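K.L.:
Coordinates in upload-v8.cif, mmCIF, C-alpha atoms, are listed below.
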data_coords
loop_
_atom_site.label_atom_id
_atom_site.label_comp_id
_atom_site.auth_asym_id
_atom_site.auth_seq_id
_atom_site.Cartn_x
_atom_site.Cartn_y
_atom_site.Cartn_z
CA MET A 1 -21.55 7.25 12.57
CA TRP A 2 -20.20 5.52 9.48
CA GLN A 3 -21.43 8.22 7.18
CA TRP A 4 -18.31 10.39 7.29
CA PHE A 5 -16.22 7.29 6.80
CA HIS A 6 -18.01 6.38 3.58
CA LYS A 7 -17.95 9.99 2.45
CA LEU A 8 -14.18 9.91 2.92
CA GLY A 9 -14.14 6.99 0.51
CA SER A 10 -15.58 9.10 -2.28
CA PRO A 11 -12.75 10.22 -4.59
CA LYS A 12 -14.73 13.27 -5.71
CA TRP A 13 -15.29 14.48 -2.15
CA PHE A 14 -11.64 13.92 -1.27
CA PHE A 15 -10.49 15.78 -4.37
CA GLY A 16 -12.42 18.88 -3.32
CA ILE A 17 -11.28 18.77 0.31
CA ALA A 18 -7.65 18.23 -0.69
CA THR A 19 -7.71 21.22 -3.05
CA ARG A 20 -8.91 23.37 -0.17
CA PHE A 21 -6.28 22.19 2.35
CA MET A 22 -3.22 21.84 0.14
CA PRO A 23 -2.14 25.52 0.02
CA TRP A 24 -2.16 25.62 3.84
CA LEU A 25 -0.18 22.40 4.13
CA LEU A 26 2.39 23.72 1.66
CA ILE A 27 2.78 27.17 3.22
CA LEU A 28 2.85 26.00 6.84
CA GLY A 29 5.07 23.03 6.00
CA LEU A 30 7.65 25.08 4.09
CA GLY A 31 7.60 27.77 6.78
CA LEU A 32 8.11 25.39 9.70
CA LEU A 33 10.73 23.34 7.87
CA ALA A 34 12.68 26.44 6.86
CA ALA A 35 12.47 27.83 10.41
CA GLY A 36 13.58 24.52 11.96
CA ILE A 37 16.47 23.96 9.55
CA VAL A 38 17.79 27.54 9.59
CA TRP A 39 17.56 27.64 13.38
CA GLY A 40 19.13 24.20 13.72
CA LEU A 41 21.94 24.70 11.22
CA ALA A 42 22.86 28.30 11.96
CA PHE A 43 21.75 29.28 15.46
CA ALA A 44 21.50 26.19 17.67
CA PRO A 45 24.58 25.64 19.87
CA LYS A 46 27.31 23.15 18.98
CA ASP A 47 27.42 19.76 20.66
CA TYR A 48 30.17 19.42 23.28
CA LEU A 49 31.53 16.20 21.75
CA GLN A 50 30.61 16.15 18.08
CA GLY A 51 30.89 19.87 17.38
CA ASN A 52 28.98 20.87 14.27
CA SER A 53 28.56 17.42 12.73
CA TYR A 54 25.60 16.63 15.01
CA ARG A 55 23.58 19.21 13.05
CA ILE A 56 22.70 16.52 10.53
CA ILE A 57 20.00 15.41 12.99
CA PHE A 58 17.88 18.34 11.82
CA ILE A 59 17.54 16.49 8.51
CA HIS A 60 18.22 12.88 9.55
CA VAL A 61 15.65 12.61 12.34
CA PRO A 62 12.69 14.20 10.43
CA THR A 63 13.23 11.99 7.37
CA ALA A 64 13.59 8.81 9.45
CA PHE A 65 10.59 9.72 11.60
CA ILE A 66 8.26 10.41 8.70
CA ALA A 67 9.54 7.44 6.70
CA GLN A 68 8.31 5.23 9.56
CA SER A 69 5.05 7.01 10.28
CA ALA A 70 4.21 7.02 6.55
CA TYR A 71 4.51 3.25 6.66
CA ILE A 72 2.16 3.05 9.65
CA MET A 73 -0.37 5.19 7.77
CA MET A 74 0.01 2.86 4.78
CA ALA A 75 -0.69 -0.11 7.03
CA VAL A 76 -3.90 1.51 8.32
CA ALA A 77 -4.90 2.19 4.71
CA ALA A 78 -4.10 -1.45 3.87
CA VAL A 79 -6.52 -2.66 6.56
CA VAL A 80 -9.18 -0.35 5.11
CA THR A 81 -8.48 -1.73 1.62
CA LEU A 82 -8.81 -5.33 2.77
CA VAL A 83 -11.83 -4.92 5.03
CA TRP A 84 -13.89 -2.13 3.46
CA ARG A 85 -12.57 -2.38 -0.13
CA MET A 86 -12.28 1.39 -0.21
CA LYS A 87 -10.60 2.65 -3.38
CA LEU A 88 -9.25 5.79 -1.78
CA ALA A 89 -7.22 3.76 0.73
CA ASP A 90 -5.44 2.03 -2.13
CA VAL A 91 -4.90 5.38 -3.84
CA PHE A 92 -3.20 6.55 -0.64
CA VAL A 93 -0.86 3.52 -0.47
CA LYS A 94 0.07 3.93 -4.11
CA ALA A 95 0.67 7.66 -3.74
CA VAL A 96 2.71 7.49 -0.53
CA ALA A 97 5.02 4.50 -1.20
CA PRO A 98 7.52 6.39 -3.44
CA VAL A 99 7.60 9.30 -0.98
CA GLY A 100 8.38 6.87 1.85
CA LEU A 101 11.09 5.27 -0.26
CA VAL A 102 12.81 8.61 -0.85
CA LEU A 103 12.56 9.60 2.85
CA THR A 104 13.99 6.25 3.98
CA PHE A 105 16.84 6.62 1.52
CA LEU A 106 17.54 10.15 2.74
CA SER A 107 17.65 9.03 6.36
CA LEU A 108 20.05 6.17 5.53
CA PHE A 109 22.19 8.50 3.44
CA THR A 110 22.42 11.30 5.99
CA GLY A 111 23.10 8.69 8.68
CA ALA A 112 26.00 7.29 6.65
CA VAL A 113 27.44 10.77 6.06
CA TRP A 114 27.32 11.40 9.82
CA GLY A 115 28.54 7.92 10.70
CA LYS A 116 31.81 8.23 8.80
CA PRO A 117 33.31 11.02 10.93
CA THR A 118 31.53 10.10 14.17
CA TRP A 119 31.68 6.32 14.34
CA GLY A 120 34.48 5.79 11.85
CA THR A 121 32.38 3.85 9.32
CA TRP A 122 29.75 4.54 6.67
CA TRP A 123 27.79 1.41 7.35
CA ILE A 124 27.56 -1.31 9.96
CA TRP A 125 25.14 -4.24 10.09
CA ASP A 126 23.63 -3.36 13.42
CA ALA A 127 19.94 -3.92 14.17
CA ARG A 128 18.82 -0.30 13.66
CA LEU A 129 20.57 0.21 10.33
CA THR A 130 19.60 -3.19 9.00
CA SER A 131 15.92 -2.85 9.94
CA MET A 132 15.87 0.59 8.30
CA LEU A 133 17.35 -0.96 5.15
CA ILE A 134 14.55 -3.55 5.26
CA LEU A 135 12.06 -0.66 5.37
CA LEU A 136 13.67 0.71 2.20
CA PHE A 137 13.24 -2.68 0.50
CA LEU A 138 9.64 -2.92 1.73
CA TYR A 139 8.81 0.41 0.11
CA GLY A 140 10.53 -0.79 -3.06
CA GLY A 141 8.62 -4.08 -2.90
CA VAL A 142 5.28 -2.29 -2.51
CA ILE A 143 5.98 -0.14 -5.59
CA ALA A 144 7.20 -3.12 -7.63
CA LEU A 145 4.27 -5.36 -6.67
CA ASP A 146 1.79 -2.65 -7.53
CA ARG A 147 3.35 -2.14 -10.96
CA ALA A 148 3.60 -5.88 -11.60
CA ILE A 149 -0.15 -6.56 -11.41
CA ASN A 150 -2.27 -5.02 -14.14
CA ASP A 151 -5.69 -5.50 -12.60
CA GLU A 152 -6.39 -2.62 -10.27
CA LYS A 153 -8.37 -4.61 -7.69
CA SER A 154 -6.02 -7.58 -7.35
CA ALA A 155 -3.04 -5.21 -7.24
CA ALA A 156 -4.71 -3.32 -4.39
CA ARG A 157 -5.25 -6.49 -2.34
CA ALA A 158 -1.81 -7.96 -2.96
CA VAL A 159 -0.15 -4.66 -2.06
CA ALA A 160 -2.28 -4.36 1.09
CA VAL A 161 -1.19 -7.81 2.29
CA LEU A 162 2.48 -6.97 1.63
CA VAL A 163 2.17 -3.68 3.52
CA LEU A 164 0.61 -5.50 6.50
CA VAL A 165 3.29 -8.19 6.50
CA GLY A 166 5.92 -5.46 6.59
CA VAL A 167 4.39 -3.52 9.45
CA VAL A 168 6.08 -5.80 12.03
CA ASN A 169 9.31 -4.14 10.99
CA ILE A 170 8.22 -0.78 12.44
CA PRO A 171 8.36 -1.77 16.16
CA ILE A 172 11.61 -3.59 15.37
CA ILE A 173 13.13 -0.35 14.03
CA LYS A 174 11.84 1.59 17.02
CA TYR A 175 13.01 -0.80 19.73
CA SER A 176 16.10 -2.24 17.98
CA VAL A 177 18.32 0.11 19.99
CA GLU A 178 16.83 -1.15 23.26
CA TRP A 179 16.45 -4.87 22.59
CA TRP A 180 19.91 -5.45 21.16
CA ASN A 181 23.41 -4.03 21.38
CA THR A 182 23.74 -1.61 18.49
CA LEU A 183 26.19 1.03 17.37
CA HIS A 184 23.31 3.42 16.80
CA GLN A 185 22.53 5.42 19.94
CA PRO A 186 19.16 5.05 21.76
CA ALA A 187 16.36 7.55 21.22
CA THR A 188 16.92 11.09 22.51
CA PHE A 189 13.17 11.67 22.77
CA LYS A 190 11.23 9.42 25.09
CA LEU A 191 7.53 9.57 25.83
CA THR A 192 7.96 9.48 29.59
CA GLU A 193 11.14 11.47 30.15
CA LYS A 194 12.53 14.85 29.23
CA PRO A 195 14.55 14.81 26.00
CA SER A 196 18.26 14.40 26.68
CA MET A 197 19.15 17.57 24.82
CA PRO A 198 18.50 21.23 25.73
CA ALA A 199 15.49 23.15 24.39
CA GLU A 200 17.58 25.26 22.00
CA MET A 201 18.40 22.00 20.20
CA TRP A 202 15.13 20.09 20.40
CA VAL A 203 12.77 22.97 19.56
CA PRO A 204 14.22 23.44 16.04
CA LEU A 205 14.26 19.66 15.67
CA VAL A 206 10.55 19.43 16.51
CA LEU A 207 9.84 22.35 14.13
CA SER A 208 11.54 20.60 11.24
CA ILE A 209 9.74 17.31 12.03
CA LEU A 210 6.36 19.12 12.00
CA GLY A 211 7.28 21.03 8.86
CA LEU A 212 8.32 17.90 6.99
CA TYR A 213 5.14 16.19 8.20
CA LEU A 214 2.96 18.93 6.68
CA LEU A 215 4.99 18.89 3.47
CA PHE A 216 4.55 15.14 3.36
CA GLY A 217 0.79 15.67 3.73
CA TRP A 218 0.84 18.15 0.87
CA LEU A 219 2.80 15.80 -1.36
CA ALA A 220 0.51 12.87 -0.46
CA CYS A 221 -2.59 14.96 -1.37
CA LEU A 222 -1.03 16.08 -4.64
CA ARG A 223 -0.05 12.54 -5.64
CA MET A 224 -3.45 11.18 -4.59
CA GLN A 225 -5.21 13.80 -6.72
CA THR A 226 -3.13 12.82 -9.73
CA GLU A 227 -3.89 9.15 -9.14
CA ILE A 228 -7.63 9.89 -8.73
CA LEU A 229 -7.72 11.85 -11.99
CA GLN A 230 -6.06 8.97 -13.78
CA ARG A 231 -8.41 6.36 -12.36
CA GLU A 232 -11.58 8.39 -12.73
CA GLN A 233 -10.83 9.96 -16.10
CA ARG A 234 -13.97 8.50 -17.65
CA THR A 235 -16.36 9.69 -14.94
CA LYS A 236 -18.66 12.63 -15.40
CA TRP A 237 -17.27 14.81 -12.60
CA VAL A 238 -13.70 14.63 -13.86
CA ARG A 239 -14.78 15.47 -17.43
CA GLU A 240 -16.91 18.36 -16.18
CA MET A 241 -14.10 19.71 -14.03
CA ILE A 242 -11.61 19.57 -16.87
CA THR A 243 -13.90 21.21 -19.42
CA ALA A 244 -14.76 23.88 -16.85
CA GLY A 245 -11.05 24.47 -16.30
CA ARG A 246 -10.47 24.87 -20.05
CA SER A 247 -13.11 27.47 -20.74
CA MET B 1 -20.47 -3.41 11.00
CA HIS B 2 -21.37 -5.66 8.09
CA PRO B 3 -20.74 -9.37 8.92
CA ILE B 4 -18.53 -9.89 5.85
CA ARG B 5 -16.40 -6.92 6.85
CA LYS B 6 -16.22 -8.22 10.39
CA LYS B 7 -14.97 -11.53 9.06
CA ARG B 8 -12.38 -9.83 6.86
CA LEU B 9 -11.22 -7.70 9.77
CA THR B 10 -10.76 -10.83 11.92
CA ILE B 11 -8.70 -12.47 9.16
CA VAL B 12 -6.55 -9.34 8.83
CA LEU B 13 -5.98 -9.18 12.60
CA PHE B 14 -5.04 -12.87 12.69
CA LEU B 15 -2.64 -12.29 9.80
CA ILE B 16 -0.88 -9.47 11.66
CA ALA B 17 -0.78 -11.40 14.96
CA GLY B 18 0.60 -14.49 13.21
CA ILE B 19 3.37 -12.58 11.44
CA ALA B 20 4.25 -10.71 14.62
CA LEU B 21 4.52 -14.00 16.51
CA ALA B 22 6.66 -15.62 13.80
CA VAL B 23 9.02 -12.66 13.54
CA GLY B 24 9.13 -12.32 17.32
CA LEU B 25 10.15 -15.94 17.84
CA THR B 26 12.74 -15.76 15.04
CA THR B 27 14.40 -12.63 16.37
CA TYR B 28 14.29 -14.07 19.90
CA ALA B 29 16.03 -17.23 18.72
CA LEU B 30 18.63 -15.20 16.83
CA ARG B 31 19.13 -12.56 19.51
CA GLN B 32 22.82 -13.30 19.99
CA ASN B 33 23.41 -12.92 16.26
CA ILE B 34 21.47 -9.66 16.13
CA ASN B 35 23.48 -8.20 19.02
CA LEU B 36 26.19 -6.16 17.39
CA PHE B 37 28.80 -6.85 20.06
CA TYR B 38 29.65 -8.78 23.20
CA ASP B 39 29.94 -6.72 26.36
CA PRO B 40 32.84 -7.26 28.78
CA THR B 41 30.68 -9.24 31.24
CA GLN B 42 29.78 -11.73 28.50
CA ILE B 43 33.45 -12.02 27.49
CA ALA B 44 34.55 -12.54 31.10
CA ALA B 45 31.88 -15.20 31.52
CA GLY B 46 33.32 -17.04 28.52
CA GLU B 47 30.29 -16.54 26.28
CA ALA B 48 32.38 -15.08 23.47
CA PRO B 49 34.26 -17.57 21.22
CA VAL B 50 38.07 -17.45 21.20
CA ASP B 51 39.94 -16.75 17.93
CA VAL B 52 36.79 -15.96 15.94
CA ARG B 53 36.14 -12.52 14.51
CA ILE B 54 33.73 -10.86 16.93
CA ARG B 55 32.95 -7.39 18.18
CA ALA B 56 33.40 -6.18 21.72
CA GLY B 57 31.74 -3.03 23.01
CA GLY B 58 31.69 -0.88 26.12
CA MET B 59 33.20 2.24 27.60
CA VAL B 60 36.89 3.08 27.43
CA LYS B 61 38.03 2.89 31.06
CA GLU B 62 39.28 6.20 32.50
CA GLY B 63 43.07 6.33 32.65
CA SER B 64 43.55 3.05 30.80
CA VAL B 65 44.66 4.33 27.37
CA VAL B 66 48.37 3.66 26.73
CA ARG B 67 49.77 4.87 23.42
CA ASP B 68 53.01 3.55 22.01
CA PRO B 69 55.15 6.66 21.34
CA GLY B 70 56.84 5.26 18.21
CA SER B 71 53.81 3.84 16.34
CA LEU B 72 50.02 3.87 16.09
CA LYS B 73 49.75 1.02 18.60
CA VAL B 74 47.37 1.70 21.44
CA GLU B 75 46.11 -0.35 24.37
CA PHE B 76 43.10 0.33 26.52
CA GLN B 77 40.52 -1.34 28.74
CA VAL B 78 36.89 -1.65 27.66
CA THR B 79 34.53 -1.79 30.60
CA ASP B 80 30.82 -2.04 31.35
CA PHE B 81 31.47 -0.94 34.96
CA ASN B 82 31.27 -4.58 35.97
CA GLN B 83 34.05 -6.36 34.08
CA SER B 84 36.71 -5.05 31.75
CA VAL B 85 38.61 -6.46 28.81
CA PRO B 86 42.06 -5.31 27.60
CA VAL B 87 42.06 -4.26 23.93
CA GLN B 88 45.04 -3.92 21.61
CA TYR B 89 44.76 -1.90 18.42
CA GLU B 90 47.01 -0.50 15.75
CA GLY B 91 45.60 2.18 13.49
CA ILE B 92 43.77 5.48 13.37
CA LEU B 93 41.10 5.96 16.01
CA PRO B 94 37.85 7.85 15.26
CA ASP B 95 37.56 11.49 16.40
CA LEU B 96 35.15 10.68 19.21
CA PHE B 97 37.48 8.10 20.76
CA ALA B 98 38.30 9.23 24.31
CA GLU B 99 38.44 7.85 27.83
CA GLY B 100 34.91 7.52 29.18
CA GLN B 101 33.43 7.24 25.68
CA GLY B 102 31.68 4.22 24.19
CA VAL B 103 33.48 2.10 21.57
CA VAL B 104 32.81 -1.00 19.51
CA ALA B 105 35.95 -2.91 18.52
CA MET B 106 36.13 -5.62 15.88
CA GLY B 107 38.76 -8.32 16.20
CA ARG B 108 39.68 -11.61 17.85
CA LEU B 109 39.90 -12.71 21.44
CA ASP B 110 43.20 -14.49 22.15
CA GLU B 111 43.78 -17.29 24.69
CA ASN B 112 44.93 -14.84 27.37
CA GLY B 113 41.61 -13.03 27.28
CA ARG B 114 43.07 -10.10 25.38
CA PHE B 115 41.11 -8.59 22.53
CA VAL B 116 43.18 -7.86 19.43
CA ALA B 117 41.18 -5.34 17.40
CA ASP B 118 41.57 -4.50 13.74
CA GLN B 119 38.84 -1.84 13.72
CA VAL B 120 37.65 0.51 16.46
CA LEU B 121 34.40 2.45 16.07
CA ALA B 122 33.16 5.16 18.40
CA LYS B 123 29.69 4.74 19.86
CA HIS B 124 27.85 7.95 20.49
CA ASP B 125 25.23 8.20 23.22
CA GLU B 126 21.84 9.92 23.02
CA ASN B 127 22.93 12.97 25.06
CA TYR B 128 23.54 16.25 23.31
CA MET B 129 24.55 19.47 25.01
CA PRO B 130 26.26 22.76 24.19
CA PRO B 131 29.99 22.94 25.13
CA GLU B 132 29.37 25.62 27.80
CA VAL B 133 26.87 23.37 29.58
CA ALA B 134 29.29 20.44 29.44
CA ASP B 135 32.04 22.66 30.87
CA SER B 136 29.96 23.85 33.78
CA LEU B 137 28.76 20.30 34.47
CA LYS B 138 32.39 19.18 34.58
CA LYS B 139 33.26 22.03 36.94
CA ASN B 140 30.48 21.06 39.32
CA GLY B 141 31.54 17.46 39.08
CA SER B 142 28.05 16.29 38.08
CA MET B 143 29.12 14.90 34.72
CA GLY B 144 28.62 11.51 36.36
CA GLN B 145 24.89 11.84 35.76
CA ALA B 146 25.40 11.85 32.03
CA GLY B 147 27.77 8.92 32.49
CA GLU B 148 25.08 6.94 34.28
CA THR B 149 22.62 7.26 31.41
CA VAL B 150 25.38 6.14 29.09
CA GLU B 151 26.00 3.13 31.29
CA ALA B 152 22.31 2.23 31.27
CA ALA B 153 22.26 2.63 27.50
CA THR B 154 25.22 0.36 26.80
CA ASN B 155 24.04 -2.43 29.05
#
Could you show the structure in this file as structure tokens?
P.N.:
Amino acid sequence: MWQWFHKLGSPKWFFGIATRFMPWLLILGLGLLAAGIVWGLAFAPKDYLQGNSYRIIFIHVPTAFIAQSAYIMMAVAAVVTLVWRMKLADVFVKAVAPVGLVLTFLSLFTGAVWGKPTWGTWWIWDARLTSMLILLFLYGGVIALDRAINDEKSAARAVAVLVLVGVVNIPIIKYSVEWWNTLHQPATFKLTEKPSMPAEMWVPLVLSILGLYLLFGWLACLRMQTEILQREQRTKWVREMITAGRS
Amino acid sequence: MHPIRKKRLTIVLFLIAGIALAVGLTTYALRQNINLFYDPTQIAAGEAPVDVRIRAGGMVKEGSVVRDPGSLKVEFQVTDFNQSVPVQYEGILPDLFAEGQGVVAMGRLDENGRFVADQVLAKHDENYMPPEVADSLKKNGSMGQAGETVEAATN
């Protein structure tokens, strides 16, 4: 039962699998994202109160959603690093942290752009916005800590502990709008109820979330491959692959 | 599973549980500071301090907005459908400000229980719909349903 798990830990095996899946992730991701955004920005109906400005959700919600789920994936990888000492898990954390940072920044930025005309302010220290800002700092902290420690193994463990400490922030972001009074509105999508928007609005939104997810997967694979090549540059399989590529 | 890995996994789980507990207790203790605003029921119950900069939030009561014709002064009632608080404000209101919409006002509570605001922000709810749907809902008089979810959300 554990065999596939240990196979997954082999950088060489992952490199091959990733090369095979990446074109599909890229094509499907770009296609879905383009479909969702074009549909959302050009064809979906206006909102009765906000008019056209609500259309920023087709960018804001996907970035915020994937910024948080990337962190959860990093936390799972951190557990694997600490318990199984699997190198590939650390490669994942290292590869994904900058992507998460950019996505978190984008969601804060698009939120501020929308907040100015809708709420009347760019920024307010409510629980949702503040916890999202903490997520941005956590991503920054993970990157900084990783760069600050030279030894690969101790860096991996320190980073894994930091990622796990930060994971408490994720449920706080999610439930901040329910536990406390905030200016940010509660979630439109709930697990148990119908979304409180019509299908011609939420279908493009779901498409762009899925598309950005796949693109995120593609980018994570690409960055992991780069990291693997750097770490394994002295191994036989990397040398063989590179010489084969040259000839 | 290997015993050493089992041990490491237990330590990791304890670490997460410990942090979650610590953060949970801290946020619970600070819940009033994390709340962005006081709602009208809290203000009526005297929970909000007088003459300290605070925020008050709720819905703008239907038919309560009175604009001064010669200036930007405006007065309205903020309600949570239980209690309401009179708010005074002078300045430009956000586009979404309307009767029946959520607002968060920043300012001071005076001795008479009146809230003197120096900033008014509009609070949007989680409901989105095309204008035609909103129109037909209004015609059928079932817009109250949307209002109820808003009420549940602000409480």
K.L.:
Ranking A:Asp146, A:Glu178, A:Asp151, A:Glu240 by minimum distance to chain B and counting only C-alpha atoms, which one comes first?
P.N.:
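Checking each candidate against chain B, we get A:Glu178 as the closest.
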K.L.:
Could you check how far atom CA of B:Val65 sits from atom CA of B:Gly100, in Å to one decimal?
P.N.:
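Between atom CA of B:Val65 and atom CA of B:Gly100 the gap is 10.4 Å.
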K.L.:
Distance table requested - chain B against chain A, cut-off 7 Å, only C-alpha atoms: one row per qualifying residue with the closest atom pair and its distance in Å to one decimal, ordered by chain and rising residue number, as CSV.
P.N.:
residue,atom,partner,partner_atom,distance
B:Arg5,CA,A:Val83,CA,5.3
B:Arg8,CA,A:Val83,CA,5.3
B:Leu9,CA,A:Val83,CA,5.5
B:Ile16,CA,A:Leu164,CA,6.7
B:Ile19,CA,A:Val165,CA,6.6
B:Ala20,CA,A:Val168,CA,5.8
B:Ile34,CA,A:Ala127,CA,6.3
B:Asn35,CA,A:Asn181,CA,4.8
B:Leu36,CA,A:Thr182,CA,5.3
B:Phe37,CA,A:Asn181,CA,6.2
B:Pro94,CA,A:Gly120,CA,5.2
B:Asp95,CA,A:Thr118,CA,6.6
B:Leu96,CA,A:Thr118,CA,6.2
B:Leu121,CA,A:Trp119,CA,5.0
B:Ala122,CA,A:Trp119,CA,4.5
B:Lys123,CA,A:Leu183,CA,5.7
B:His124,CA,A:Gln185,CA,5.9
B:Asp125,CA,A:Gln185,CA,5.1
B:Glu126,CA,A:Thr188,CA,5.1
B:Asn127,CA,A:Ser196,CA,5.1
B:Tyr128,CA,A:Met197,CA,4.8
B:Met129,CA,A:Asp47,CA,5.2
B:Pro130,CA,A:Asp47,CA,4.8
B:Pro131,CA,A:Tyr48,CA,4.0
B:Ala134,CA,A:Tyr48,CA,6.3
B:Ala153,CA,A:Pro186,CA,7.0
K.L.:
To one decimal place, how far is atom CA of A:Lys190 from atom CA of A:Tyr175 in Å?
P.N.:
11.7 Å
K.L.:
Running the PyMOL selection byres ((chain A and resi 213) around 10) on this model by hand, what would come out? Give it as a PDB file with C-alpha atoms, in the coordinates of the input.
P.N.:
ATOM      1  CA  LEU A  25      -0.180  22.400   4.130  1.00  0.00           C
ATOM      2  CA  GLY A  29       5.070  23.030   6.000  1.00  0.00           C
ATOM      3  CA  LEU A  32       8.110  25.390   9.700  1.00  0.00           C
ATOM      4  CA  LEU A  33      10.730  23.340   7.870  1.00  0.00           C
ATOM      5  CA  PRO A  62      12.690  14.200  10.430  1.00  0.00           C
ATOM      6  CA  THR A  63      13.230  11.990   7.370  1.00  0.00           C
ATOM      7  CA  PHE A  65      10.590   9.720  11.600  1.00  0.00           C
ATOM      8  CA  ILE A  66       8.260  10.410   8.700  1.00  0.00           C
ATOM      9  CA  ALA A  67       9.540   7.440   6.700  1.00  0.00           C
ATOM     10  CA  SER A  69       5.050   7.010  10.280  1.00  0.00           C
ATOM     11  CA  ALA A  70       4.210   7.020   6.550  1.00  0.00           C
ATOM     12  CA  LEU A 207       9.840  22.350  14.130  1.00  0.00           C
ATOM     13  CA  SER A 208      11.540  20.600  11.240  1.00  0.00           C
ATOM     14  CA  ILE A 209       9.740  17.310  12.030  1.00  0.00           C
ATOM     15  CA  LEU A 210       6.360  19.120  12.000  1.00  0.00           C
ATOM     16  CA  GLY A 211       7.280  21.030   8.860  1.00  0.00           C
ATOM     17  CA  LEU A 212       8.320  17.900   6.990  1.00  0.00           C
ATOM     18  CA  LEU A 214       2.960  18.930   6.680  1.00  0.00           C
ATOM     19  CA  LEU A 215       4.990  18.890   3.470  1.00  0.00           C
ATOM     20  CA  PHE A 216       4.550  15.140   3.360  1.00  0.00           C
ATOM     21  CA  GLY A 217       0.790  15.670   3.730  1.00  0.00           C
ATOM     22  CA  TRP A 218       0.840  18.150   0.870  1.00  0.00           C
ATOM     23  CA  LEU A 219       2.800  15.800  -1.360  1.00  0.00           C
TER      24      LEU A 219
END
K.L.:
Mind pulling up the distance from atom CA of B:Lys61 to atom CA of B:Glu99?
P.N.:
5.9 Å
K.L.:
Given the PyMOL selection byres ((chain A and resi 111) around 10) and the file above, list the residues it selects as a ChimeraX atom specification.
P.N.:
/A:56-57,59-61,64,105-110,112-116,122-123,129,184
K.L.:
Please write the residues picked by the PyMOL selection byres ((chain B and resi 101-110) around 8) on this file as a short mmCIF file (atom, residue, chain, number, x, y, z; two decimals) with C-alpha atoms, keeping the file's coordinate frame.
P.N.:
data_model
loop_
_atom_site.label_atom_id
_atom_site.label_comp_id
_atom_site.auth_asym_id
_atom_site.auth_seq_id
_atom_site.Cartn_x
_atom_site.Cartn_y
_atom_site.Cartn_z
CA LEU A 183 26.19 1.03 17.37
CA PHE B 37 28.80 -6.85 20.06
CA PRO B 49 34.26 -17.57 21.22
CA VAL B 50 38.07 -17.45 21.20
CA ASP B 51 39.94 -16.75 17.93
CA VAL B 52 36.79 -15.96 15.94
CA ARG B 53 36.14 -12.52 14.51
CA ILE B 54 33.73 -10.86 16.93
CA ARG B 55 32.95 -7.39 18.18
CA ALA B 56 33.40 -6.18 21.72
CA GLY B 57 31.74 -3.03 23.01
CA GLY B 58 31.69 -0.88 26.12
CA MET B 59 33.20 2.24 27.60
CA VAL B 60 36.89 3.08 27.43
CA VAL B 78 36.89 -1.65 27.66
CA LEU B 96 35.15 10.68 19.21
CA PHE B 97 37.48 8.10 20.76
CA ALA B 98 38.30 9.23 24.31
CA GLU B 99 38.44 7.85 27.83
CA GLY B 100 34.91 7.52 29.18
CA GLU B 111 43.78 -17.29 24.69
CA ASN B 112 44.93 -14.84 27.37
CA GLY B 113 41.61 -13.03 27.28
CA ARG B 114 43.07 -10.10 25.38
CA PHE B 115 41.11 -8.59 22.53
CA VAL B 116 43.18 -7.86 19.43
CA ALA B 117 41.18 -5.34 17.40
CA ASP B 118 41.57 -4.50 13.74
CA GLN B 119 38.84 -1.84 13.72
CA VAL B 120 37.65 0.51 16.46
CA LEU B 121 34.40 2.45 16.07
CA ALA B 122 33.16 5.16 18.40
CA LYS B 123 29.69 4.74 19.86
CA HIS B 124 27.85 7.95 20.49
CA ASP B 125 25.23 8.20 23.22
CA THR B 154 25.22 0.36 26.80
#
K.L.:
Need to verify the contact set: A:Arg20, 12 Å, all atoms listed in the file, exclusion of same-chain residues closer than 6 positions in sequence. Can you return it as a PyMOL selection string?
P.N.:
chain A and resi 13-14+26+218+221-222
K.L.:
Choose the residue, out of A:Thr104, A:Asn52, A:Ser10, A:Thr81, that has the smallest atom-to-atom separation from B:Val12; count all atoms listed in the file.
P.N.:
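Between A:Thr104, A:Asn52, A:Ser10, A:Thr81, the residue approaching B:Val12 most closely is A:Thr81.
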K.L.:
Could you work out an axis-aligned bounding box for all listed atoms of stretch 58-61 of chain B, with 8 Å added on each of the six sides, and give its centre and edge lengths in Å to one decimal, as JSON?
P.N.:
{"center_x": 34.9, "center_y": 1.1, "center_z": 28.6, "size_x": 22.3, "size_y": 20.0, "size_z": 20.9}
K.L.:
Might you pull out every residue within 9 Å of B:Leu72, with all atoms listed in the file counted and same-chain residues fewer than 3 positions away left off, and present them as a list in words?
P.N.:
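My list of contacting residues is Arg67, Asp68, Pro69, Tyr89, Glu90, Gly91 and Ile92 of chain B.
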K.L.:
Given the choices A:Trp4, A:Met73, A:Gly16, A:Tyr139, which gets closest to A:Leu103 if the distance is worked out from only C-alpha atoms?
P.N.:
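The shortest atom-to-atom distance to A:Leu103 comes from A:Tyr139.
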K.L.:
Out of A:Val102, A:Lys12, A:Ala75, A:Pro204, which residue has the shortest atom-to-atom distance to A:Arg231 when counting only C-alpha atoms?
P.N.:
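Between A:Val102, A:Lys12, A:Ala75, A:Pro204, the residue approaching A:Arg231 most closely is A:Lys12.
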